[in-house]
Amino acid sequence: MSENVIYSINGPVVTVKNATAFSMMEMVFVGHKRLMGEVISIKKEATTIQVYESTTGLTSGEPVYPSGQPIQATLGPGILRNIFDGIERPLKTIAKESGAFITCGSDVSALDETTEWDVHICVKQGDHVCGGQIYATLPETDLIEHRLMVPPYVEGDVVSIKQDGKYRVHDEIVVLKLADGTLYPCTLCQKWPIKTARPIKERLPLHIPLITGQRIFDTLFPIAKGGTAAIPGGFGTGKTMTQHQLAKWCDADIIVYVGCGERGNEMTQVLEEFSELIDPKSQKPLTDRTVLIANTSNMPVAAREASIYTGLTLAEYYRDMGYHVALMADSTSRWAEALREISGRLEEMPAEEGFPAYLPSRISQFYERAGYMETLNGAKGSVTIIGAVSPQGADFSEPVTQNTKRFVRCFWALDKSLAYARHYFAINWNESYSEYVNDLTRWYHHHVDPRFLHERQQLMRLLAEETKLMEIVKLIGSDVLPDDQKLVIEISKVIRVGYLQQNAFHQDDTYVPLIKQLKMMDVILYLYEHAKRLISKGIPMRLIMETGIFDKVIKMKYDVSNQAIDQLDDYPAMIDDALASVQ
């Protein structure tokens, strides 16, 4: 029987009086049901614990058991294709055992202990191995090779190995002899504290873009592999759908999708969609390279914080194998609200809008774990973090959005008016920005075309000019504008509707290769320059519009398939023919 007993319970916050057996950030088991909790405050008179499960039915006087360890994620084969809750319990396994709802104290192994994996040993007896070195591989899915690595900070000589064959996650396949003479068995899995970043050899510059196939991202606001981005937006503006589209089409090797405090039906949609999708690169199911962490709004509030760190730890584990991982966090605002609720129950001094004073540091700790790294075994991998932010009333001046803006280098601001006008993606090109453009310039020059970023700049200039002109139009109407300014408004409409607006349900428009994006920009800017020359000769804008060429250019995204991109080379001649009639 534990000598430490519950003194008080305040929602997910439990206190234990006169406890001496606990350490800070230690995982503990609370009550007779052994609910998972974490020590978050130690004072002489009382120890405070936040519980990651529902405390309904818990009473004072029940025992609290120390574990001697921080909260850890179990890392090994079987993570991909799986669905976990915020503390890495497999929801499919729990559903088989206890139904649709998670029972309190449910003690289920994170990884399937019965599955046998086809293991290939990569080391020989007598080899000296260090932390991060790969000692075995196995095919986790049809798409991903799982690489078993020596845990960080472990170094020794291989004294025995098993033959290649089928093994379970807890089977010993390699034994190391450490410097102090102790034997260290290596199995198919290892554990790692979720709130501690996994070590790396070197942080590398961000110079490779994460290709998404979505024109507004790849062209106007690109993100680098290992970069950070925020998607802020009010209710119904499309944060979740944007993340879904990025998860489906971005060229990351592995997707970690964290549903943090979102509605259950949204997570159900994710599960249903991802299970039906075919990966465009391999023609295999998308779930073969995806792991989902579902922490819905009806789950215990404290577990929202854990879900973010659990997802990050899984992402870093695959990064250390040499993979590029994209982590989608939906939404970090729900995580911040959980911090606020816990802080309130702890009676901490509130800062702006009731959030705790340490909110900025927690947000920065989260985003700083992104990066393009050289791993301990010399491989190169990355973790790209794309976090949705849900400001109440679409107020971007609230603390979570503003603090997130400080720590990310991509800001994709969703606009309610664009969303209600069915402009998808509803990203406001005037409020959004990317600080990665200069870092990626060399890559675009070498792998696409030196014209790409130059033409991007011209599109941005035209859109900015249109914004200024529309202020005048609102006051006095468009009829008084000179024809050259009318042209700017019309060509900006072509950019907005024909280029930035994308149809996720159209087979050729849901994903657009970079070369097609470039050729589409070529056509739009050719139309602008040709029409501009006609206007300088005194041709009225009205006659140019009557040719119908502007509408034809808008429809090129549908008329030209991704398999026949060269057809876009015919558009300049088509524009010449159409405009020749008005000269």
# chains A, B, ... in the order shown; residues from 1 in each chain; ligands from 1
$ closest_atom_pairs --of "range 14-108 of chain A" --to "range 255-266 of chain A" --cutoff "10 Å" --atoms "only C-alpha atoms" --output "CSV"
residue,atom,partner,partner_atom,distance
A:Leu80,CA,A:Val256,CA,9.0
A:Ile83,CA,A:Tyr257,CA,9.7
A:Phe84,CA,A:Val258,CA,9.4
A:Asp85,CA,A:Gly259,CA,9.3
A:Gly86,CA,A:Cys260,CA,8.2
$ select_by_dssp --residues "range 1-189 of chain A" --states "strand (DSSP E)" --output "ChimeraX atom specification"
/A:6-10,13-17,26-30,35-42,46-51,64-70,72-75,83-84,117-121,128-129,134-139,145-149,156-161,165-167,174-178,183-186
$ closest_residue --among "A:Lys537, A:Lys239, A:Arg345, A:Arg215" --to "Met521 in chain A" --atoms "only C-alpha atoms"
A:Arg215
$ atom_distance --atom1 "CA of Leu459 in chain A" --atom2 "CA of Thr219 in chain A"
9.5 Å
$ residues_around --residues "Lys177 in chain A" --least-positions-apart "3" --cutoff "9 Å" --atoms "only C-alpha atoms" --output "MDAnalysis selection string"
chainID A and resid 155:159 180:185
$ atom_distance --atom1 "CA of Val448 in chain A" --atom2 "CA of Lys519 in chain A"
10.9 Å
$ residues_around --residues "Val497 in chain A" --least-positions-apart "2" --cutoff "10 Å" --atoms "only C-alpha atoms" --output "PyMOL selection string"
chain A and resi 423-424+491-495+499-502+551+554-555
$ write_last_selection --atoms "N, CA and C atoms" --output "CSV table (one decimal), in the first residue's frame"
chain,number,residue,atom,x,y,z
A,423,HIS,N,-13.9,30.6,-51.5
A,423,HIS,CA,-12.5,30.7,-52.1
A,423,HIS,C,-11.7,29.8,-51.3
A,424,TYR,N,-11.2,28.7,-51.9
A,424,TYR,CA,-10.4,27.7,-51.2
A,424,TYR,C,-9.1,27.6,-51.9
A,491,ILE,N,-6.6,41.6,-64.1
A,491,ILE,CA,-5.5,40.5,-64.0
A,491,ILE,C,-5.4,40.0,-62.6
A,492,SER,N,-5.7,40.8,-61.6
A,492,SER,CA,-5.6,40.3,-60.2
A,492,SER,C,-6.8,39.3,-60.0
A,493,LYS,N,-7.9,39.5,-60.7
A,493,LYS,CA,-9.0,38.6,-60.6
A,493,LYS,C,-8.6,37.2,-61.2
A,494,VAL,N,-7.8,37.3,-62.3
A,494,VAL,CA,-7.3,36.1,-62.9
A,494,VAL,C,-6.4,35.3,-61.9
A,495,ILE,N,-5.5,36.1,-61.3
A,495,ILE,CA,-4.6,35.5,-60.3
A,495,ILE,C,-5.4,34.9,-59.1
A,499,TYR,N,-5.6,31.2,-60.3
A,499,TYR,CA,-4.4,30.7,-59.8
A,499,TYR,C,-4.4,30.3,-58.3
A,500,LEU,N,-4.8,31.3,-57.5
A,500,LEU,CA,-4.8,31.0,-56.0
A,500,LEU,C,-5.9,30.1,-55.6
A,501,GLN,N,-7.1,30.2,-56.2
A,501,GLN,CA,-8.2,29.4,-55.8
A,501,GLN,C,-8.0,28.0,-56.4
A,502,GLN,N,-8.1,27.0,-55.6
A,502,GLN,CA,-7.8,25.6,-56.0
A,502,GLN,C,-9.0,24.7,-55.7
A,551,ASP,N,-11.3,35.1,-69.3
A,551,ASP,CA,-12.0,33.9,-68.8
A,551,ASP,C,-11.4,32.6,-69.2
A,554,ILE,N,-8.4,32.0,-67.0
A,554,ILE,CA,-8.9,31.5,-65.7
A,554,ILE,C,-9.1,30.0,-65.7
A,555,LYS,N,-9.7,29.5,-66.8
A,555,LYS,CA,-10.1,28.1,-66.8
A,555,LYS,C,-8.9,27.1,-67.2
$ closest_residue --among "A:Val13, A:Val270, A:Leu204, A:Ile386" --to "Cys250 in chain A" --atoms "only C-alpha atoms"
A:Ile386
$ residues_around --residues "range 227-233 of chain A" --least-positions-apart "2" --cutoff "7 Å" --atoms "only C-alpha atoms" --output "list in words"
Ile223, Ala224, Lys225, Phe235, Thr237, Lys239, Tyr367, Ala370, Gly371, Thr384, Ile385, Ile386, Gly387, Ala388, Val389, Ser390, Pro391, Ala394, Thr401, Val408, Arg409, Cys410, Phe411, Trp412, Ala413, Leu414 and Asp415 of chain A
$ closest_residue --among "A:Phe221, A:Trp117, A:Tyr372, A:Trp192" --to "Asp171 in chain A" --atoms "only C-alpha atoms"
A:Trp117
